[in-house]
$ cat data.txt   # compact mmCIF, C-alpha atoms
# COMPACT_ATOMS: atom_id res chain seq x y z
CA MET E 28 24.56 -5.77 -26.37
CA SER E 29 24.22 -8.39 -23.63
CA ALA E 30 25.36 -8.00 -20.02
CA SER E 31 28.25 -10.39 -20.64
CA GLN E 32 29.32 -8.35 -23.64
CA THR E 33 29.41 -5.08 -21.65
CA SER E 34 31.14 -6.45 -18.54
CA ASP E 35 34.64 -5.38 -19.63
CA VAL E 36 33.80 -2.80 -22.28
CA PRO E 37 35.05 0.75 -21.60
CA THR E 38 32.11 2.99 -20.69
CA LEU E 39 31.44 6.62 -19.85
CA LEU E 40 29.14 7.84 -17.08
CA VAL E 41 27.67 11.14 -18.27
CA LYS E 42 26.05 13.15 -15.48
CA ILE E 43 24.00 16.31 -16.11
CA PHE E 44 22.60 18.39 -13.24
CA GLY E 45 20.97 21.76 -12.70
CA LYS E 46 17.58 23.45 -13.00
CA ASP E 47 15.00 21.21 -14.64
CA ARG E 48 13.33 22.26 -17.88
CA PRO E 49 11.73 20.52 -20.89
CA GLY E 50 14.04 18.92 -23.43
CA ILE E 51 17.09 18.10 -21.29
CA THR E 52 16.96 14.33 -21.79
CA ALA E 53 16.31 14.61 -25.53
CA GLY E 54 19.08 17.22 -25.85
CA LEU E 55 21.68 15.03 -24.12
CA PHE E 56 20.98 11.98 -26.26
CA ASP E 57 20.85 14.07 -29.45
CA THR E 58 24.34 15.27 -28.51
CA LEU E 59 25.60 11.75 -27.81
CA ALA E 60 24.04 10.33 -30.99
CA ALA E 61 26.73 11.99 -33.10
CA TYR E 62 29.35 9.74 -31.49
CA SER E 63 27.81 6.30 -32.18
CA VAL E 64 27.61 5.28 -28.52
CA ASP E 65 25.20 2.67 -27.14
CA VAL E 66 23.09 3.31 -24.07
CA VAL E 67 23.84 0.90 -21.21
CA ASP E 68 21.79 2.51 -18.43
CA ILE E 69 19.81 5.69 -17.66
CA GLU E 70 18.76 7.19 -14.34
CA GLN E 71 16.93 10.50 -13.82
CA VAL E 72 15.77 12.17 -10.62
CA VAL E 73 13.98 15.50 -10.21
CA THR E 74 13.77 17.05 -6.74
CA ARG E 75 12.30 20.50 -6.08
CA GLY E 76 12.91 21.61 -9.64
CA ARG E 77 16.51 20.31 -9.81
CA ILE E 78 17.37 17.45 -12.16
CA VAL E 79 20.14 14.86 -12.01
CA LEU E 80 20.35 12.87 -15.26
CA CYS E 81 22.87 10.03 -15.56
CA ALA E 82 23.58 8.14 -18.76
CA LEU E 83 25.96 5.19 -18.87
CA VAL E 84 27.13 4.74 -22.47
CA THR E 85 29.77 2.78 -24.33
CA GLN E 86 33.02 4.51 -25.20
CA PRO E 87 32.94 6.23 -28.62
CA PRO E 88 35.22 5.12 -31.48
CA ALA E 89 38.95 5.71 -31.07
CA GLY E 90 39.98 9.33 -31.11
CA MET E 91 36.48 10.70 -30.51
CA GLU E 92 36.25 10.67 -26.71
CA GLY E 93 37.89 14.06 -26.26
CA ASP E 94 35.55 15.64 -28.77
CA LEU E 95 32.54 13.99 -27.09
CA ARG E 96 33.55 15.36 -23.71
CA ALA E 97 34.04 18.89 -25.07
CA THR E 98 30.74 18.82 -26.94
CA VAL E 99 28.73 17.57 -23.94
CA HIS E 100 30.25 20.23 -21.67
CA SER E 101 29.58 22.92 -24.27
CA TRP E 102 25.97 21.80 -24.70
CA ALA E 103 25.43 21.73 -20.92
CA GLU E 104 26.83 25.24 -20.53
CA SER E 105 24.58 26.50 -23.33
CA ILE E 106 21.51 25.55 -21.28
CA LYS E 107 23.06 26.66 -17.98
CA MET E 108 23.58 23.11 -16.70
CA GLN E 109 26.65 21.35 -15.34
CA ALA E 110 28.19 18.16 -16.75
CA GLU E 111 30.50 15.51 -15.34
CA ILE E 112 31.92 12.60 -17.36
CA ILE E 113 33.65 9.66 -15.68
CA SER E 114 35.49 6.86 -17.50
CA GLY E 115 35.17 3.26 -16.35
CA LYS E 116 34.47 -0.29 -17.45
CA GLY E 117 31.28 -2.28 -17.82
CA ASP E 118 27.81 -1.83 -16.38
CA ASN E 119 26.73 -1.11 -12.80
CA ARG E 120 27.57 -3.92 -10.41
CA PRO E 121 24.82 -6.55 -10.25
CA ARG E 122 22.28 -6.16 -7.49
CA GLY E 123 22.57 -8.67 -4.69
CA LEU E 124 20.17 -11.55 -4.32
CA GLY E 125 17.10 -10.86 -2.26
CA ARG E 126 15.22 -7.81 -3.49
CA SER E 127 12.67 -5.99 -1.39
CA LEU E 128 10.65 -2.82 -1.39
CA VAL E 129 10.61 -0.97 1.92
CA THR E 130 7.78 1.55 2.24
CA VAL E 131 8.12 4.02 5.11
CA LEU E 132 5.11 6.10 6.20
CA GLY E 133 5.60 9.02 8.55
CA HIS E 134 3.40 11.79 9.86
CA PRO E 135 5.85 13.47 9.85
CA LEU E 136 8.82 11.46 8.55
CA THR E 137 11.82 12.80 10.48
CA SER E 138 15.43 12.82 9.33
CA GLU E 139 16.33 10.82 12.46
CA ALA E 140 13.90 8.06 11.53
CA THR E 141 15.10 8.01 7.93
CA ALA E 142 18.73 7.79 9.03
CA SER E 143 17.96 4.89 11.33
CA VAL E 144 16.04 2.99 8.63
CA ALA E 145 18.91 3.43 6.17
CA ALA E 146 21.48 2.32 8.77
CA ARG E 147 19.50 -0.80 9.69
CA ILE E 148 19.19 -1.77 6.03
CA THR E 149 22.96 -1.52 5.70
CA LYS E 150 23.59 -3.42 8.95
CA ALA E 151 21.30 -6.22 7.75
CA GLY E 152 23.49 -6.64 4.68
CA GLY E 153 21.25 -4.76 2.26
CA ASN E 154 22.08 -2.12 -0.32
CA ILE E 155 19.73 0.75 -1.13
CA ASP E 156 19.48 0.79 -4.92
CA ARG E 157 16.85 3.50 -5.27
CA ILE E 158 14.71 5.82 -3.17
CA PHE E 159 11.42 7.24 -4.43
CA ARG E 160 8.78 9.41 -2.79
CA LEU E 161 5.28 8.02 -3.23
CA ALA E 162 3.35 10.74 -1.41
CA LYS E 163 3.75 13.91 0.60
CA TYR E 164 0.24 13.99 2.09
CA PRO E 165 -1.78 13.01 4.08
CA VAL E 166 1.45 11.27 5.16
CA THR E 167 4.96 11.25 3.76
CA ALA E 168 5.51 7.93 2.02
CA VAL E 169 8.96 6.93 0.75
CA GLU E 170 9.93 3.69 -0.97
CA PHE E 171 13.40 2.13 -0.73
CA ALA E 172 14.39 -0.50 -3.30
CA VAL E 173 16.79 -2.80 -1.43
CA SER E 174 18.90 -5.74 -2.58
CA GLY E 175 21.33 -8.12 -0.91
CA VAL E 176 19.16 -9.32 1.99
CA GLU E 177 16.13 -11.61 2.16
CA THR E 178 12.76 -9.96 2.70
CA GLU E 179 11.91 -11.68 6.00
CA ALA E 180 15.29 -10.83 7.53
CA LEU E 181 14.92 -7.21 6.46
CA ARG E 182 11.40 -7.00 7.88
CA THR E 183 12.63 -8.33 11.21
CA ALA E 184 15.52 -5.87 11.27
CA LEU E 185 13.22 -2.87 10.77
CA VAL E 186 10.56 -3.73 13.36
CA THR E 187 12.36 -1.85 16.10
CA ASP E 188 12.50 1.39 14.13
CA ALA E 189 8.77 1.33 13.42
CA ALA E 190 7.99 1.25 17.13
CA ARG E 191 10.76 3.59 18.20
CA PHE E 192 9.99 6.40 15.75
CA ARG E 193 6.22 5.84 15.47
CA ILE E 194 6.41 5.27 11.75
CA ASP E 195 4.92 2.50 9.64
CA ILE E 196 7.30 0.27 7.70
CA ALA E 197 6.16 -2.29 5.14
CA VAL E 198 8.66 -4.72 3.62
CA VAL E 199 7.53 -6.78 0.64
CA ALA E 200 9.38 -8.83 -1.93
CA ALA E 201 10.07 -6.90 -5.12
CA GLY E 202 8.85 -8.21 -8.44
CA LEU E 203 6.13 -7.95 -11.03
CA TYR E 204 3.60 -9.63 -8.76
CA ARG E 205 3.36 -6.54 -6.56
CA ARG E 206 1.34 -4.58 -9.09
CA ALA E 207 -0.45 -7.76 -10.09
CA GLN E 208 -2.25 -8.02 -6.75
CA ARG E 209 -5.73 -7.72 -8.18
CA LEU E 210 -7.96 -8.46 -5.20
CA VAL E 211 -8.24 -6.47 -1.97
CA VAL E 212 -10.50 -7.77 0.81
CA MET E 213 -11.08 -5.80 3.98
CA ASP E 214 -12.86 -6.04 7.26
CA VAL E 215 -15.74 -3.59 7.81
CA ASP E 216 -16.13 -2.57 11.45
CA SER E 217 -13.30 -0.21 12.55
CA THR E 218 -11.61 -0.73 9.18
CA LEU E 219 -13.78 0.30 6.23
CA ILE E 220 -16.04 2.16 8.63
CA GLN E 221 -15.35 3.90 11.93
CA ASP E 222 -18.14 2.13 13.78
CA GLU E 223 -19.03 -1.26 15.23
CA VAL E 224 -22.36 -2.01 13.55
CA ILE E 225 -23.63 -4.20 16.39
CA GLU E 226 -23.17 -1.22 18.74
CA LEU E 227 -25.20 1.02 16.44
CA PHE E 228 -28.04 -1.48 16.62
CA ALA E 229 -27.55 -1.81 20.37
CA ALA E 230 -27.92 1.95 20.85
CA HIS E 231 -31.42 1.72 19.40
CA ALA E 232 -32.19 -1.27 21.65
CA GLY E 233 -30.82 0.46 24.77
CA CYS E 234 -28.22 -2.22 25.47
CA GLU E 235 -25.07 -0.60 24.07
CA ASP E 236 -23.03 -0.99 27.26
CA GLN E 237 -23.57 -4.73 27.45
CA VAL E 238 -22.84 -5.20 23.75
CA ALA E 239 -19.73 -3.00 23.79
CA GLU E 240 -18.27 -5.01 26.66
CA VAL E 241 -18.70 -8.30 24.83
CA THR E 242 -17.38 -6.80 21.55
CA ALA E 243 -14.20 -5.53 23.18
CA ALA E 244 -13.48 -8.91 24.75
CA ALA E 245 -14.06 -10.69 21.44
CA MET E 246 -11.77 -8.32 19.49
CA ARG E 247 -9.02 -8.89 22.04
CA GLY E 248 -9.31 -12.60 21.38
CA GLU E 249 -10.56 -13.38 24.87
CA LEU E 250 -13.90 -14.84 23.74
CA ASP E 251 -14.95 -17.23 21.02
CA PHE E 252 -16.36 -15.04 18.26
CA GLU E 253 -19.38 -17.20 17.40
CA GLN E 254 -20.48 -17.41 21.02
CA SER E 255 -20.06 -13.67 21.49
CA LEU E 256 -21.96 -13.00 18.25
CA HIS E 257 -24.98 -14.99 19.40
CA ALA E 258 -24.85 -13.35 22.83
CA ARG E 259 -24.83 -9.85 21.39
CA VAL E 260 -27.47 -10.47 18.74
CA ALA E 261 -29.78 -11.99 21.38
CA LEU E 262 -29.87 -8.59 23.07
CA LEU E 263 -31.50 -7.14 19.93
CA GLU E 264 -34.57 -9.38 20.11
CA GLY E 265 -37.79 -7.49 19.43
CA LEU E 266 -36.12 -4.48 17.79
CA ASP E 267 -38.20 -3.10 14.90
CA ALA E 268 -36.67 -3.79 11.46
CA SER E 269 -37.15 -0.13 10.51
CA VAL E 270 -34.03 0.51 12.61
CA ILE E 271 -31.93 -0.96 9.79
CA ASP E 272 -32.35 2.16 7.65
CA LYS E 273 -31.40 4.35 10.60
CA VAL E 274 -28.26 2.32 11.23
CA ARG E 275 -27.27 2.53 7.57
CA SER E 276 -27.51 6.31 7.74
CA GLU E 277 -25.39 6.41 10.90
CA VAL E 278 -22.48 4.43 9.45
CA ARG E 279 -19.37 6.59 9.04
CA LEU E 280 -16.77 5.63 6.46
CA THR E 281 -13.15 5.72 7.59
CA PRO E 282 -11.25 8.72 6.16
CA GLY E 283 -9.75 7.69 2.84
CA ALA E 284 -12.11 4.73 2.33
CA ARG E 285 -13.78 6.13 -0.79
CA THR E 286 -10.41 7.18 -2.21
CA LEU E 287 -8.93 3.73 -1.58
CA ILE E 288 -11.77 1.92 -3.31
CA ARG E 289 -12.09 4.39 -6.19
CA THR E 290 -8.34 4.24 -6.91
CA LEU E 291 -8.19 0.44 -6.69
CA LYS E 292 -11.13 0.09 -9.07
CA ARG E 293 -9.57 2.56 -11.48
CA LEU E 294 -6.35 0.52 -11.46
CA GLY E 295 -8.21 -2.68 -12.26
CA TYR E 296 -8.38 -4.26 -8.81
CA GLN E 297 -11.39 -6.13 -7.50
CA VAL E 298 -12.47 -5.14 -3.99
CA GLY E 299 -14.51 -7.00 -1.39
CA VAL E 300 -15.50 -6.90 2.26
CA VAL E 301 -16.03 -9.60 4.85
CA SER E 302 -17.61 -8.81 8.17
CA GLY E 303 -18.65 -10.31 11.45
CA GLY E 304 -21.40 -7.70 11.22
CA PHE E 305 -24.53 -7.96 9.16
CA THR E 306 -25.55 -8.19 5.51
CA GLN E 307 -28.24 -5.60 6.20
CA VAL E 308 -25.36 -3.09 6.28
CA THR E 309 -22.68 -4.66 4.07
CA ASP E 310 -25.08 -5.11 1.15
CA ASP E 311 -25.80 -1.38 1.32
CA LEU E 312 -22.08 -0.59 1.42
CA LYS E 313 -21.48 -2.87 -1.56
CA GLU E 314 -24.02 -0.95 -3.62
CA ARG E 315 -22.91 2.50 -2.48
CA LEU E 316 -19.19 1.91 -3.00
CA GLY E 317 -19.29 -0.34 -6.06
CA LEU E 318 -17.69 -3.32 -4.31
CA ASP E 319 -17.28 -6.62 -6.14
CA PHE E 320 -17.80 -8.90 -3.13
CA ALA E 321 -19.47 -8.63 0.26
CA GLN E 322 -20.30 -11.26 2.88
CA ALA E 323 -21.44 -10.99 6.50
CA ASN E 324 -23.84 -12.54 8.98
CA THR E 325 -27.57 -12.01 8.44
CA LEU E 326 -29.96 -10.83 11.13
CA GLU E 327 -33.13 -12.90 11.18
CA ILE E 328 -36.32 -10.85 10.78
CA VAL E 329 -39.82 -12.23 11.40
CA ASP E 330 -42.98 -10.13 11.19
CA GLY E 331 -40.93 -6.93 10.94
CA LYS E 332 -38.97 -7.61 14.13
CA LEU E 333 -35.43 -8.82 14.83
CA THR E 334 -35.61 -12.26 16.43
CA GLY E 335 -32.26 -12.02 18.20
CA ARG E 336 -30.80 -14.71 15.94
CA VAL E 337 -28.65 -14.87 12.80
CA THR E 338 -29.25 -17.10 9.81
CA GLY E 339 -27.00 -18.79 7.28
CA GLU E 340 -23.24 -19.24 7.26
CA ILE E 341 -21.46 -17.69 10.24
CA VAL E 342 -18.67 -15.28 9.30
CA ASP E 343 -16.09 -15.67 12.06
CA ARG E 344 -12.29 -15.75 12.12
CA ALA E 345 -12.01 -18.93 10.07
CA GLY E 346 -14.91 -17.84 7.90
CA LYS E 347 -13.15 -14.65 6.83
CA ALA E 348 -10.13 -16.61 5.59
CA ARG E 349 -12.45 -19.04 3.83
CA LEU E 350 -14.25 -16.17 2.11
CA LEU E 351 -10.97 -14.59 1.03
CA ARG E 352 -10.10 -17.84 -0.73
CA ARG E 353 -13.59 -18.01 -2.25
CA PHE E 354 -13.44 -14.43 -3.54
CA ALA E 355 -9.96 -15.04 -4.98
CA ALA E 356 -11.17 -18.13 -6.82
CA GLU E 357 -14.18 -16.27 -8.22
CA ALA E 358 -11.97 -13.34 -9.25
CA GLY E 359 -9.39 -15.65 -10.84
CA VAL E 360 -6.63 -14.23 -8.64
CA PRO E 361 -3.96 -16.43 -6.99
CA LEU E 362 -4.08 -16.18 -3.20
CA SER E 363 -0.47 -14.96 -3.24
CA GLN E 364 -1.67 -11.89 -5.15
CA THR E 365 -4.35 -10.82 -2.70
CA VAL E 366 -4.33 -8.10 -0.04
CA ALA E 367 -6.30 -8.36 3.20
CA ILE E 368 -6.90 -5.47 5.61
CA GLY E 369 -8.27 -5.76 9.15
CA ASP E 370 -7.94 -4.63 12.74
CA GLY E 371 -9.13 -7.37 15.08
CA ALA E 372 -8.19 -10.83 16.27
CA ASN E 373 -10.93 -12.35 14.11
CA ASP E 374 -9.11 -10.98 11.05
CA LEU E 375 -5.85 -12.82 11.76
CA ASP E 376 -6.52 -15.95 9.67
CA MET E 377 -7.50 -13.77 6.71
CA LEU E 378 -4.44 -11.53 7.08
CA ASN E 379 -2.12 -14.54 7.25
CA ALA E 380 -3.77 -16.26 4.28
CA ALA E 381 -3.40 -13.25 1.97
CA GLY E 382 -0.31 -12.45 -0.05
CA LEU E 383 -0.10 -9.20 1.92
CA GLY E 384 -1.87 -8.83 5.26
CA VAL E 385 -2.23 -5.24 6.52
CA ALA E 386 -3.14 -4.49 10.15
CA PHE E 387 -5.00 -1.18 10.10
CA ASN E 388 -4.93 0.72 13.40
CA ALA E 389 -5.05 -2.74 14.92
CA LYS E 390 -4.82 -4.35 18.31
CA PRO E 391 -1.24 -5.24 19.37
CA VAL E 392 -1.73 -8.98 18.79
CA VAL E 393 -2.82 -8.24 15.21
CA ARG E 394 0.01 -5.80 14.48
CA GLU E 395 2.56 -8.35 15.61
CA ALA E 396 1.14 -11.15 13.45
CA ALA E 397 0.37 -9.25 10.22
CA HIS E 398 2.84 -8.74 7.37
CA THR E 399 2.73 -4.99 7.93
CA ALA E 400 0.79 -2.37 9.85
CA VAL E 401 -0.65 1.07 9.16
CA ASN E 402 -1.19 3.23 12.23
CA VAL E 403 -2.43 6.47 10.72
CA PRO E 404 -6.19 7.16 10.45
CA PHE E 405 -6.29 7.29 6.65
CA LEU E 406 -7.34 4.08 4.91
CA ASP E 407 -6.04 5.22 1.53
CA THR E 408 -2.45 5.07 2.83
CA VAL E 409 -2.68 1.33 2.10
CA LEU E 410 -2.29 2.35 -1.56
CA TYR E 411 1.30 3.38 -0.91
CA LEU E 412 2.11 -0.13 0.30
CA LEU E 413 1.07 -1.30 -3.18
CA GLY E 414 3.42 1.19 -4.86
CA VAL E 415 0.61 3.52 -5.93
CA THR E 416 1.74 7.16 -5.92
CA ARG E 417 -0.24 10.18 -4.75
CA GLU E 418 -0.29 11.39 -8.37
CA GLU E 419 -2.06 8.18 -9.42
CA VAL E 420 -4.57 8.65 -6.60
CA GLU E 421 -5.32 12.18 -7.77
CA ALA E 422 -5.62 11.01 -11.37
CA ALA E 423 -8.20 8.43 -10.30
CA ASP E 424 -10.11 11.15 -8.44
CA THR E 425 -10.10 13.37 -11.53
CA ILE E 426 -11.37 10.59 -13.78
CA ALA E 427 -14.05 9.65 -11.25
CA GLY E 428 -15.21 13.26 -11.17
CA ASP E 429 -15.62 13.54 -14.96

$ encode --input "data.txt" --output "structure tokens"
Amino acid sequence: MSASQTSDVPTLLVKIFGKDRPGITAGLFDTLAAYSVDVVDIEQVVTRGRIVLCALVTQPPAGMEGDLRATVHSWAESIKMQAEIISGKGDNRPRGLGRSLVTVLGHPLTSEATASVAARITKAGGNIDRIFRLAKYPVTAVEFAVSGVETEALRTALVTDAARFRIDIAVVAAGLYRRAQRLVVMDVDSTLIQDEVIELFAAHAGCEDQVAEVTAAAMRGELDFEQSLHARVALLEGLDASVIDKVRSEVRLTPGARTLIRTLKRLGYQVGVVSGGFTQVTDDLKERLGLDFAQANTLEIVDGKLTGRVTGEIVDRAGKARLLRRFAAEAGVPLSQTVAIGDGANDLDMLNAAGLGVAFNAKPVVREAAHTAVNVPFLDTVLYLLGVTREEVEAADTIAGD
């Protein structure tokens, strides 16, 4: 029966609630089947072992409604459940135009913060159609399905709450494309890994203080990246190439990095990295983590020594965005269905070019410009922004361990 056909048809809302157990849904519809009703809508929620099952069905043939009500109540009592049946007309009211998914990450997620988010959605003209918990650890992640307000307006309305309650809020347009985002590209230094690779090299060359100072200025957007890159690499001149293996062993992955990549790969995503660092490290990470793409600058080596120069294409701010587009083309993924993750000013073009740009523990200028921000130290929390549940993450871990 079409929506137009059910708009004025008498319907019954059958609500069953109580302690969850196997067979409740099948039992309800077996009971209703005897009355030749059609199913218009179904909604089921289970919270801490308690189930609420709602079935919207057409009114039974004349003279049978009373018997249906008595039978449903009797069946519910027989399994120690409660039933409520409400008469009405038609389907649920249509959802408003403008549909968004609001993901809220809290560590912890307080009732005060949740109340404020819900109130701001309402004040912005939105309606909360559904709420679903994505994860309970390492952070609490809850997704609100909202209609009636455009995505950009809703995102703007919720910015204040994110800062005020120290929670992360991501607002994306709802639709099939969300799960169709099949390419994730991330920065390396201070994103995929906890370190700045140039500083690891500098520690072996005894010039870490000078390099760290230049790096910090570049990440704040105060220096041209290419100029700062050449200045820092020049300080490494004469360093023995054997240091590369030592640096590779010193690299520390960000907590959740392996889980993020393993889960994405299991779900059919392609994953790449772009870095203002060096291929001598990113190539190793690509092999170790099973990445599909990796691109960075290359340290020049002559006679077993670093020359203090880089060779080939420079990966800078513009270069990262260019590589995102290149990877997307090679993967056969529309740019609108890509995800980019980064923390520094030289990631901004890439974050803005992607369908979803995520600022990960980023500098203020990056947080303000990106589509959304994650400010907890777990990289795998990005999965929740894609609608991936903790159960799916654990399933991917189990499969990977087989």

$ closest_atom_pairs --input "data.txt" --of "segment 326-362 of chain E" --to "segment 218-232 of chain E" --cutoff "12 Å" --atoms "only C-alpha atoms" --output "Markdown table"
| residue | atom | partner | partner_atom | distance |
| --- | --- | --- | --- | --- |
| E:Leu326 | CA | E:Ile225 | CA | 10.6 |
| E:Lys332 | CA | E:Ala232 | CA | 11.9 |
| E:Leu333 | CA | E:Phe228 | CA | 10.6 |
| E:Gly335 | CA | E:Ala232 | CA | 11.3 |

$ closest_residue --input "data.txt" --among "E:Lys273, E:Arg209, E:Arg126, E:His134" --to "Ala168 of chain E" --atoms "only C-alpha atoms"
E:His134

$ residues_around --input "data.txt" --residues "segment 92-97 of chain E" --least-positions-apart "2" --cutoff "9 Å" --atoms "only C-alpha atoms" --output "PyMOL selection string"
chain E and resi 58-59+61-62+86-90+99-102+111-112

$ closest_residue --input "data.txt" --among "E:Ile328, E:Ala239, E:Ala323, E:Val129" --to "Ile341 of chain E" --atoms "all atoms listed in the file"
E:Ala323

$ residues_around --input "data.txt" --residues "Gln237 of chain E" --least-positions-apart "2" --cutoff "12 Å" --atoms "all atoms listed in the file" --output "list in words"
Ile225, Glu226, Ala229, Ala230, Ala232, Gly233, Cys234, Glu235, Ala239, Glu240, Val241, Thr242, Ala243, Ala244, Ser255, Ala258, Arg259, Val260, Ala261, Leu262 and Leu263 of chain E

$ closest_residue --input "data.txt" --among "E:Glu327, E:Glu179, E:Asp374, E:Asp195" --to "Val166 of chain E" --atoms "all atoms listed in the file"
E:Asp195

$ closest_atom_pairs --input "data.txt" --of "segment 202-288 of chain E" --to "segment 398-422 of chain E" --cutoff "6 Å" --atoms "all atoms listed in the file" --output "Markdown table"
| residue | atom | partner | partner_atom | distance |
| --- | --- | --- | --- | --- |
| E:Pro282 | CA | E:Phe405 | CA | 5.2 |
| E:Gly283 | CA | E:Asp407 | CA | 4.6 |
| E:Ala284 | CA | E:Leu406 | CA | 5.5 |
| E:Leu287 | CA | E:Asp407 | CA | 4.5 |

$ decode --input "data.txt" --residues "segment 293-299 of chain E" --atoms "all heavy atoms" --output "short mmCIF file (atom, residue, chain, number, x, y, z; two decimals), in the first residue's frame"
data_model
loop_
_atom_site.label_atom_id
_atom_site.label_comp_id
_atom_site.auth_asym_id
_atom_site.auth_seq_id
_atom_site.Cartn_x
_atom_site.Cartn_y
_atom_site.Cartn_z
N ARG E 293 38.22 -3.83 6.68
CA ARG E 293 37.23 -4.90 6.77
C ARG E 293 35.90 -4.47 6.16
O ARG E 293 35.18 -5.28 5.56
CB ARG E 293 37.04 -5.30 8.25
CG ARG E 293 35.91 -6.27 8.51
CD ARG E 293 36.11 -7.59 7.80
NE ARG E 293 34.94 -8.45 7.91
CZ ARG E 293 34.71 -9.50 7.13
NH1 ARG E 293 35.56 -9.81 6.17
NH2 ARG E 293 33.63 -10.23 7.30
N LEU E 294 35.56 -3.19 6.28
CA LEU E 294 34.30 -2.67 5.75
C LEU E 294 34.39 -2.28 4.28
O LEU E 294 33.42 -1.76 3.72
CB LEU E 294 33.84 -1.47 6.58
CG LEU E 294 33.47 -1.77 8.04
CD1 LEU E 294 33.16 -0.49 8.79
CD2 LEU E 294 32.29 -2.74 8.12
N GLY E 295 35.54 -2.51 3.67
CA GLY E 295 35.67 -2.26 2.24
C GLY E 295 36.19 -0.90 1.85
O GLY E 295 36.19 -0.54 0.67
N TYR E 296 36.66 -0.12 2.82
CA TYR E 296 37.25 1.19 2.52
C TYR E 296 38.67 1.02 2.00
O TYR E 296 39.35 0.04 2.30
CB TYR E 296 37.32 2.05 3.78
CG TYR E 296 36.02 2.66 4.23
CD1 TYR E 296 34.99 1.86 4.73
CD2 TYR E 296 35.81 4.04 4.18
CE1 TYR E 296 33.80 2.41 5.17
CE2 TYR E 296 34.62 4.60 4.61
CZ TYR E 296 33.62 3.78 5.10
OH TYR E 296 32.45 4.32 5.54
N GLN E 297 39.13 2.00 1.23
CA GLN E 297 40.54 2.12 0.90
C GLN E 297 41.11 3.22 1.79
O GLN E 297 40.43 4.20 2.11
CB GLN E 297 40.74 2.45 -0.57
CG GLN E 297 40.25 1.32 -1.50
CD GLN E 297 40.63 1.57 -2.94
OE1 GLN E 297 41.80 1.66 -3.29
NE2 GLN E 297 39.61 1.66 -3.80
N VAL E 298 42.36 3.04 2.20
CA VAL E 298 42.97 3.94 3.19
C VAL E 298 44.34 4.38 2.70
O VAL E 298 45.14 3.56 2.22
CB VAL E 298 43.11 3.25 4.56
CG1 VAL E 298 43.64 4.24 5.61
CG2 VAL E 298 41.78 2.65 5.01
N GLY E 299 44.61 5.68 2.83
CA GLY E 299 45.90 6.21 2.41
C GLY E 299 46.42 7.24 3.39
O GLY E 299 45.71 7.72 4.27
#
